Amino acid sequence: MDKLIELASTLVSGAFIAVLAAWLTNRSRNRQEQQAEIGALRVQADAMTVAVMELQGAATTSRLLWEGPAERGRTFLLAVLAFTGGAARARIAGGTDTQSGLVGFGRAAELLSRERAVSKQTAAALREPLTRAATAAAPLMRSSDPAVVTATEQLLNALSDVENTARLEAALEAFGRAVNAATAPQLSWWARRRAARTA
């Protein structure tokens, strides 16, 4: 009978140890998976933030180089000078007033055409940072955290109007808050209970 009790207690303690080991192993695996997911989310969020900043910089550069009032004034002045130079050259060569005017308009149109082509190339340069932002957003849109998905959608919507810097900065700030909340360390049950008791 003592042997039977000893065998039963050995089986019970063995079963308890096996259950405890399985529970600890699962908990450790879950924690590692959670840490890997948090690390991946941080990397994806960083890529998105860099892409947004790059797009903002490209848009600002484009605006400064081609869309400001000083730039438009410079283009107008160059067009006037090209018109005047072309007209004067045609007049010197013996052309009539009409011919001089046509040559002047041709020179001005040629200059404006070149300026427009360069402006379009600069605008096309925005496509690459926009593509990078969309690529960085793709994994974030599949996040298990709905707040991250919503913030990413809002950020992509704000990127459609990159000139509206206030909206873009607000969306970027909301995105950062959502990512920080999703990547914050999870408190254990014991720590949450202790925090609730002290609050």
# chains A, B, ... in the order shown; residues from 1 in each chain; ligands from 1
$ residues_around --residues "Ala40 in chain A" --least-positions-apart "5" --cutoff "10 Å" --atoms "only C-alpha atoms" --output "VMD selection string"
chain A and resid 34 to 35 45 to 46 139 to 140 183
$ residues_around --residues "Thr152 in chain A" --least-positions-apart "6" --cutoff "9 Å" --atoms "only C-alpha atoms" --output "VMD selection string"
chain A and resid 48 137 140 to 141 171 to 172 174 to 175
$ write_last_selection --atoms "C-alpha atoms" --output "PDB file, in the first residue's frame"
ATOM      1  CA  MET A  48       6.710  54.681 -42.899  1.00  0.00           C
ATOM      2  CA  ALA A 137       2.099  51.343 -45.335  1.00  0.00           C
ATOM      3  CA  LEU A 140       0.971  48.336 -41.329  1.00  0.00           C
ATOM      4  CA  MET A 141      -2.470  47.989 -42.903  1.00  0.00           C
ATOM      5  CA  ALA A 171      -1.883  62.453 -39.033  1.00  0.00           C
ATOM      6  CA  LEU A 172       1.800  61.667 -38.438  1.00  0.00           C
ATOM      7  CA  ALA A 174      -1.655  60.249 -34.440  1.00  0.00           C
ATOM      8  CA  PHE A 175       0.254  57.490 -36.243  1.00  0.00           C
TER       9      PHE A 175
END
$ residues_around --residues "range 92-109 of chain A" --least-positions-apart "6" --cutoff "7 Å" --atoms "only C-alpha atoms" --output "ChimeraX atom specification"
/A:79-80,82-86
$ select_by_dssp --residues "range 92-156 of chain A" --states "alpha helix (DSSP H)" --output "ChimeraX atom specification"
/A:92,97-124,127-141,146-156
$ residues_around --residues "Ala133 in chain A" --least-positions-apart "3" --cutoff "10 Å" --atoms "only C-alpha atoms" --output "VMD selection string"
chain A and resid 47 to 55 127 to 130 136 to 138 155 to 156 159
$ write_last_selection --atoms "N, CA, C and O atoms" --output "PDB file, in the first residue's frame"
ATOM      1  N   ALA A  47      10.010  52.829 -41.108  1.00  0.00           N
ATOM      2  CA  ALA A  47      10.071  52.934 -42.573  1.00  0.00           C
ATOM      3  C   ALA A  47       8.986  53.878 -43.077  1.00  0.00           C
ATOM      4  O   ALA A  47       9.226  54.687 -43.992  1.00  0.00           O
ATOM      5  N   MET A  48       7.806  53.798 -42.498  1.00  0.00           N
ATOM      6  CA  MET A  48       6.710  54.681 -42.899  1.00  0.00           C
ATOM      7  C   MET A  48       7.036  56.138 -42.567  1.00  0.00           C
ATOM      8  O   MET A  48       6.828  57.035 -43.394  1.00  0.00           O
ATOM      9  N   THR A  49       7.570  56.368 -41.372  1.00  0.00           N
ATOM     10  CA  THR A  49       7.904  57.729 -40.960  1.00  0.00           C
ATOM     11  C   THR A  49       8.981  58.326 -41.860  1.00  0.00           C
ATOM     12  O   THR A  49       8.881  59.477 -42.292  1.00  0.00           O
ATOM     13  N   VAL A  50      10.001  57.536 -42.176  1.00  0.00           N
ATOM     14  CA  VAL A  50      11.068  58.015 -43.067  1.00  0.00           C
ATOM     15  C   VAL A  50      10.501  58.326 -44.451  1.00  0.00           C
ATOM     16  O   VAL A  50      10.842  59.355 -45.057  1.00  0.00           O
ATOM     17  N   ALA A  51       9.623  57.469 -44.965  1.00  0.00           N
ATOM     18  CA  ALA A  51       9.029  57.700 -46.281  1.00  0.00           C
ATOM     19  C   ALA A  51       8.194  58.978 -46.292  1.00  0.00           C
ATOM     20  O   ALA A  51       8.232  59.749 -47.255  1.00  0.00           O
ATOM     21  N   VAL A  52       7.452  59.221 -45.209  1.00  0.00           N
ATOM     22  CA  VAL A  52       6.632  60.435 -45.130  1.00  0.00           C
ATOM     23  C   VAL A  52       7.532  61.670 -45.083  1.00  0.00           C
ATOM     24  O   VAL A  52       7.279  62.666 -45.773  1.00  0.00           O
ATOM     25  N   MET A  53       8.594  61.598 -44.290  1.00  0.00           N
ATOM     26  CA  MET A  53       9.513  62.742 -44.205  1.00  0.00           C
ATOM     27  C   MET A  53      10.199  63.006 -45.550  1.00  0.00           C
ATOM     28  O   MET A  53      10.391  64.152 -45.943  1.00  0.00           O
ATOM     29  N   GLU A  54      10.558  61.940 -46.231  1.00  0.00           N
ATOM     30  CA  GLU A  54      11.187  62.081 -47.543  1.00  0.00           C
ATOM     31  C   GLU A  54      10.211  62.729 -48.541  1.00  0.00           C
ATOM     32  O   GLU A  54      10.594  63.598 -49.316  1.00  0.00           O
ATOM     33  N   LEU A  55       8.962  62.299 -48.488  1.00  0.00           N
ATOM     34  CA  LEU A  55       7.951  62.883 -49.369  1.00  0.00           C
ATOM     35  C   LEU A  55       7.725  64.352 -49.041  1.00  0.00           C
ATOM     36  O   LEU A  55       7.621  65.189 -49.940  1.00  0.00           O
ATOM     37  N   ARG A 127       6.831  61.002 -57.187  1.00  0.00           N
ATOM     38  CA  ARG A 127       6.211  59.687 -57.325  1.00  0.00           C
ATOM     39  C   ARG A 127       6.997  58.622 -56.554  1.00  0.00           C
ATOM     40  O   ARG A 127       6.419  57.749 -55.925  1.00  0.00           O
ATOM     41  N   GLU A 128       8.327  58.702 -56.594  1.00  0.00           N
ATOM     42  CA  GLU A 128       9.153  57.693 -55.927  1.00  0.00           C
ATOM     43  C   GLU A 128       8.976  57.707 -54.403  1.00  0.00           C
ATOM     44  O   GLU A 128       8.726  56.656 -53.814  1.00  0.00           O
ATOM     45  N   PRO A 129       9.057  58.866 -53.733  1.00  0.00           N
ATOM     46  CA  PRO A 129       8.800  58.853 -52.287  1.00  0.00           C
ATOM     47  C   PRO A 129       7.361  58.455 -51.951  1.00  0.00           C
ATOM     48  O   PRO A 129       7.117  57.812 -50.930  1.00  0.00           O
ATOM     49  N   LEU A 130       6.423  58.813 -52.817  1.00  0.00           N
ATOM     50  CA  LEU A 130       5.036  58.418 -52.577  1.00  0.00           C
ATOM     51  C   LEU A 130       4.879  56.909 -52.685  1.00  0.00           C
ATOM     52  O   LEU A 130       4.174  56.282 -51.886  1.00  0.00           O
ATOM     53  N   ALA A 136       5.606  51.137 -47.594  1.00  0.00           N
ATOM     54  CA  ALA A 136       5.806  51.035 -46.143  1.00  0.00           C
ATOM     55  C   ALA A 136       4.480  50.880 -45.411  1.00  0.00           C
ATOM     56  O   ALA A 136       4.418  50.259 -44.345  1.00  0.00           O
ATOM     57  N   ALA A 137       3.408  51.415 -45.987  1.00  0.00           N
ATOM     58  CA  ALA A 137       2.099  51.343 -45.335  1.00  0.00           C
ATOM     59  C   ALA A 137       1.455  49.968 -45.459  1.00  0.00           C
ATOM     60  O   ALA A 137       0.641  49.587 -44.618  1.00  0.00           O
ATOM     61  N   ALA A 138       1.823  49.213 -46.492  1.00  0.00           N
ATOM     62  CA  ALA A 138       1.159  47.929 -46.749  1.00  0.00           C
ATOM     63  C   ALA A 138       1.200  46.977 -45.550  1.00  0.00           C
ATOM     64  O   ALA A 138       0.151  46.478 -45.131  1.00  0.00           O
ATOM     65  N   LEU A 155      -2.992  58.595 -42.277  1.00  0.00           N
ATOM     66  CA  LEU A 155      -1.729  59.141 -42.770  1.00  0.00           C
ATOM     67  C   LEU A 155      -1.659  59.055 -44.297  1.00  0.00           C
ATOM     68  O   LEU A 155      -1.231  60.002 -44.955  1.00  0.00           O
ATOM     69  N   LEU A 156      -2.103  57.937 -44.857  1.00  0.00           N
ATOM     70  CA  LEU A 156      -2.118  57.815 -46.322  1.00  0.00           C
ATOM     71  C   LEU A 156      -3.066  58.838 -46.944  1.00  0.00           C
ATOM     72  O   LEU A 156      -2.759  59.420 -47.999  1.00  0.00           O
ATOM     73  N   LEU A 159      -1.388  62.097 -47.019  1.00  0.00           N
ATOM     74  CA  LEU A 159      -0.334  62.172 -48.040  1.00  0.00           C
ATOM     75  C   LEU A 159      -0.889  62.545 -49.405  1.00  0.00           C
ATOM     76  O   LEU A 159      -0.150  63.029 -50.260  1.00  0.00           O
TER      77      LEU A 159
END
$ residues_around --residues "Asn180 in chain A" --least-positions-apart "2" --cutoff "12 Å" --atoms "only C-alpha atoms" --output "PyMOL selection string"
chain A and resi 38-39+41-42+45-46+145+147-148+151+173-178+182-186
$ write_last_selection --atoms "N, CA, C and O atoms" --output "PDB file, in the first residue's frame"
ATOM      1  N   ILE A  38       6.305  43.039 -32.081  1.00  0.00           N
ATOM      2  CA  ILE A  38       6.520  44.436 -31.687  1.00  0.00           C
ATOM      3  C   ILE A  38       7.738  45.000 -32.409  1.00  0.00           C
ATOM      4  O   ILE A  38       7.715  46.128 -32.913  1.00  0.00           O
ATOM      5  N   GLY A  39       8.807  44.203 -32.491  1.00  0.00           N
ATOM      6  CA  GLY A  39      10.006  44.658 -33.204  1.00  0.00           C
ATOM      7  C   GLY A  39       9.722  44.911 -34.672  1.00  0.00           C
ATOM      8  O   GLY A  39      10.179  45.918 -35.244  1.00  0.00           O
ATOM      9  N   LEU A  41       6.817  45.658 -35.989  1.00  0.00           N
ATOM     10  CA  LEU A  41       5.952  46.838 -36.086  1.00  0.00           C
ATOM     11  C   LEU A  41       6.774  48.113 -35.967  1.00  0.00           C
ATOM     12  O   LEU A  41       6.540  49.078 -36.699  1.00  0.00           O
ATOM     13  N   ARG A  42       7.746  48.121 -35.068  1.00  0.00           N
ATOM     14  CA  ARG A  42       8.608  49.306 -34.929  1.00  0.00           C
ATOM     15  C   ARG A  42       9.392  49.572 -36.208  1.00  0.00           C
ATOM     16  O   ARG A  42       9.515  50.722 -36.646  1.00  0.00           O
ATOM     17  N   ALA A  45       6.980  50.905 -38.801  1.00  0.00           N
ATOM     18  CA  ALA A  45       6.588  52.282 -38.485  1.00  0.00           C
ATOM     19  C   ALA A  45       7.724  53.247 -38.796  1.00  0.00           C
ATOM     20  O   ALA A  45       7.481  54.350 -39.318  1.00  0.00           O
ATOM     21  N   ASP A  46       8.952  52.847 -38.507  1.00  0.00           N
ATOM     22  CA  ASP A  46      10.101  53.698 -38.839  1.00  0.00           C
ATOM     23  C   ASP A  46      10.207  53.897 -40.349  1.00  0.00           C
ATOM     24  O   ASP A  46      10.474  55.005 -40.815  1.00  0.00           O
ATOM     25  N   ASP A 145      -3.391  45.376 -34.646  1.00  0.00           N
ATOM     26  CA  ASP A 145      -3.901  46.473 -33.818  1.00  0.00           C
ATOM     27  C   ASP A 145      -4.753  47.405 -34.683  1.00  0.00           C
ATOM     28  O   ASP A 145      -4.246  48.045 -35.600  1.00  0.00           O
ATOM     29  N   ALA A 147      -5.981  50.287 -34.079  1.00  0.00           N
ATOM     30  CA  ALA A 147      -5.596  51.698 -33.983  1.00  0.00           C
ATOM     31  C   ALA A 147      -4.455  52.011 -34.952  1.00  0.00           C
ATOM     32  O   ALA A 147      -4.422  53.087 -35.564  1.00  0.00           O
ATOM     33  N   VAL A 148      -3.537  51.075 -35.122  1.00  0.00           N
ATOM     34  CA  VAL A 148      -2.425  51.265 -36.062  1.00  0.00           C
ATOM     35  C   VAL A 148      -2.967  51.293 -37.490  1.00  0.00           C
ATOM     36  O   VAL A 148      -2.554  52.126 -38.308  1.00  0.00           O
ATOM     37  N   ALA A 151      -4.759  54.664 -38.003  1.00  0.00           N
ATOM     38  CA  ALA A 151      -3.795  55.768 -38.088  1.00  0.00           C
ATOM     39  C   ALA A 151      -3.029  55.727 -39.405  1.00  0.00           C
ATOM     40  O   ALA A 151      -2.737  56.774 -39.994  1.00  0.00           O
ATOM     41  N   GLU A 173       1.426  62.542 -36.212  1.00  0.00           N
ATOM     42  CA  GLU A 173       1.428  62.488 -34.746  1.00  0.00           C
ATOM     43  C   GLU A 173       0.480  61.395 -34.239  1.00  0.00           C
ATOM     44  O   GLU A 173       0.821  60.627 -33.333  1.00  0.00           O
ATOM     45  N   ALA A 174      -0.697  61.295 -34.828  1.00  0.00           N
ATOM     46  CA  ALA A 174      -1.655  60.249 -34.440  1.00  0.00           C
ATOM     47  C   ALA A 174      -1.090  58.868 -34.755  1.00  0.00           C
ATOM     48  O   ALA A 174      -1.256  57.921 -33.979  1.00  0.00           O
ATOM     49  N   PHE A 175      -0.390  58.750 -35.872  1.00  0.00           N
ATOM     50  CA  PHE A 175       0.254  57.490 -36.243  1.00  0.00           C
ATOM     51  C   PHE A 175       1.301  57.113 -35.200  1.00  0.00           C
ATOM     52  O   PHE A 175       1.370  55.963 -34.759  1.00  0.00           O
ATOM     53  N   GLY A 176       2.108  58.070 -34.795  1.00  0.00           N
ATOM     54  CA  GLY A 176       3.129  57.818 -33.779  1.00  0.00           C
ATOM     55  C   GLY A 176       2.530  57.373 -32.456  1.00  0.00           C
ATOM     56  O   GLY A 176       3.032  56.442 -31.805  1.00  0.00           O
ATOM     57  N   ARG A 177       1.440  58.015 -32.051  1.00  0.00           N
ATOM     58  CA  ARG A 177       0.772  57.621 -30.790  1.00  0.00           C
ATOM     59  C   ARG A 177       0.231  56.201 -30.885  1.00  0.00           C
ATOM     60  O   ARG A 177       0.357  55.411 -29.942  1.00  0.00           O
ATOM     61  N   ALA A 178      -0.363  55.859 -32.017  1.00  0.00           N
ATOM     62  CA  ALA A 178      -0.925  54.510 -32.192  1.00  0.00           C
ATOM     63  C   ALA A 178       0.173  53.453 -32.162  1.00  0.00           C
ATOM     64  O   ALA A 178       0.020  52.396 -31.533  1.00  0.00           O
ATOM     65  N   ALA A 182       0.797  50.513 -29.376  1.00  0.00           N
ATOM     66  CA  ALA A 182       0.840  49.103 -29.796  1.00  0.00           C
ATOM     67  C   ALA A 182       2.144  48.430 -29.408  1.00  0.00           C
ATOM     68  O   ALA A 182       2.181  47.221 -29.203  1.00  0.00           O
ATOM     69  N   THR A 183       3.218  49.210 -29.300  1.00  0.00           N
ATOM     70  CA  THR A 183       4.521  48.618 -28.982  1.00  0.00           C
ATOM     71  C   THR A 183       4.911  48.791 -27.525  1.00  0.00           C
ATOM     72  O   THR A 183       5.994  48.368 -27.134  1.00  0.00           O
ATOM     73  N   ALA A 184       4.036  49.393 -26.729  1.00  0.00           N
ATOM     74  CA  ALA A 184       4.341  49.555 -25.302  1.00  0.00           C
ATOM     75  C   ALA A 184       4.382  48.181 -24.640  1.00  0.00           C
ATOM     76  O   ALA A 184       3.615  47.287 -25.000  1.00  0.00           O
ATOM     77  N   PRO A 185       5.270  48.008 -23.673  1.00  0.00           N
ATOM     78  CA  PRO A 185       5.343  46.710 -22.999  1.00  0.00           C
ATOM     79  C   PRO A 185       4.030  46.385 -22.286  1.00  0.00           C
ATOM     80  O   PRO A 185       3.434  47.253 -21.662  1.00  0.00           O
ATOM     81  N   GLN A 186       3.610  45.138 -22.443  1.00  0.00           N
ATOM     82  CA  GLN A 186       2.377  44.690 -21.802  1.00  0.00           C
ATOM     83  C   GLN A 186       2.665  44.349 -20.337  1.00  0.00           C
ATOM     84  O   GLN A 186       3.592  43.597 -20.050  1.00  0.00           O
TER      85      GLN A 186
END
$ atom_distance --atom1 "CA of Arg167 in chain A" --atom2 "CA of Thr135 in chain A"
21.0 Å
$ decode --residues "range 54-83 of chain A" --atoms "N, CA and C atoms" --output "compact mmCIF listing (two decimals), in the first residue's frame"
# COMPACT_ATOMS: atom_id res chain seq x y z
N GLU A 54 10.56 61.94 -46.23
CA GLU A 54 11.19 62.08 -47.54
C GLU A 54 10.21 62.73 -48.54
N LEU A 55 8.96 62.30 -48.49
CA LEU A 55 7.95 62.88 -49.37
C LEU A 55 7.73 64.35 -49.04
N GLN A 56 7.68 64.67 -47.76
CA GLN A 56 7.52 66.06 -47.35
C GLN A 56 8.69 66.91 -47.85
N GLY A 57 9.89 66.39 -47.72
CA GLY A 57 11.07 67.12 -48.19
C GLY A 57 11.05 67.33 -49.69
N ALA A 58 10.68 66.29 -50.43
CA ALA A 58 10.61 66.41 -51.89
C ALA A 58 9.54 67.41 -52.31
N ALA A 59 8.40 67.40 -51.62
CA ALA A 59 7.33 68.35 -51.96
C ALA A 59 7.75 69.77 -51.64
N THR A 60 8.43 69.96 -50.52
CA THR A 60 8.89 71.30 -50.15
C THR A 60 9.92 71.80 -51.15
N THR A 61 10.83 70.93 -51.55
CA THR A 61 11.84 71.31 -52.54
C THR A 61 11.18 71.68 -53.86
N SER A 62 10.22 70.89 -54.28
CA SER A 62 9.51 71.18 -55.52
C SER A 62 8.80 72.52 -55.44
N ARG A 63 8.16 72.75 -54.31
CA ARG A 63 7.43 74.01 -54.13
C ARG A 63 8.40 75.20 -54.16
N LEU A 64 9.53 75.07 -53.48
CA LEU A 64 10.49 76.17 -53.46
C LEU A 64 11.12 76.42 -54.82
N LEU A 65 11.41 75.32 -55.54
CA LEU A 65 12.09 75.47 -56.82
C LEU A 65 11.17 75.93 -57.95
N TRP A 66 9.90 75.51 -57.93
CA TRP A 66 9.08 75.73 -59.11
C TRP A 66 7.75 76.44 -58.87
N GLU A 67 7.31 76.55 -57.62
CA GLU A 67 5.95 77.05 -57.43
C GLU A 67 5.86 78.35 -56.65
N GLY A 68 6.95 78.84 -56.12
CA GLY A 68 6.88 80.07 -55.32
C GLY A 68 6.69 81.30 -56.18
N PRO A 69 6.26 82.40 -55.58
CA PRO A 69 6.05 83.64 -56.34
C PRO A 69 7.36 84.16 -56.95
N ALA A 70 8.47 84.00 -56.25
CA ALA A 70 9.75 84.45 -56.80
C ALA A 70 10.10 83.65 -58.05
N GLU A 71 9.83 82.36 -58.00
CA GLU A 71 10.13 81.50 -59.14
C GLU A 71 9.24 81.84 -60.33
N ARG A 72 7.97 82.12 -60.05
CA ARG A 72 7.07 82.51 -61.13
C ARG A 72 7.47 83.85 -61.74
N GLY A 73 7.89 84.76 -60.87
CA GLY A 73 8.38 86.06 -61.35
C GLY A 73 9.63 85.91 -62.20
N ARG A 74 10.54 85.03 -61.78
CA ARG A 74 11.75 84.77 -62.55
C ARG A 74 11.41 84.20 -63.92
N THR A 75 10.48 83.25 -63.94
CA THR A 75 10.07 82.65 -65.22
C THR A 75 9.44 83.70 -66.13
N PHE A 76 8.60 84.57 -65.56
CA PHE A 76 7.97 85.63 -66.36
C PHE A 76 9.03 86.57 -66.92
N LEU A 77 9.98 86.96 -66.08
CA LEU A 77 11.03 87.87 -66.52
C LEU A 77 11.86 87.23 -67.63
N LEU A 78 12.21 85.95 -67.47
CA LEU A 78 12.98 85.26 -68.52
C LEU A 78 12.19 85.17 -69.82
N ALA A 79 10.88 84.94 -69.70
CA ALA A 79 10.04 84.87 -70.91
C ALA A 79 10.01 86.22 -71.62
N VAL A 80 9.91 87.30 -70.84
CA VAL A 80 9.90 88.64 -71.44
C VAL A 80 11.24 88.92 -72.12
N LEU A 81 12.33 88.54 -71.44
CA LEU A 81 13.65 88.76 -72.03
C LEU A 81 13.84 87.92 -73.30
N ALA A 82 13.36 86.67 -73.27
CA ALA A 82 13.47 85.82 -74.46
C ALA A 82 12.66 86.41 -75.61
N PHE A 83 11.45 86.91 -75.29
CA PHE A 83 10.61 87.53 -76.32
C PHE A 83 11.32 88.75 -76.91
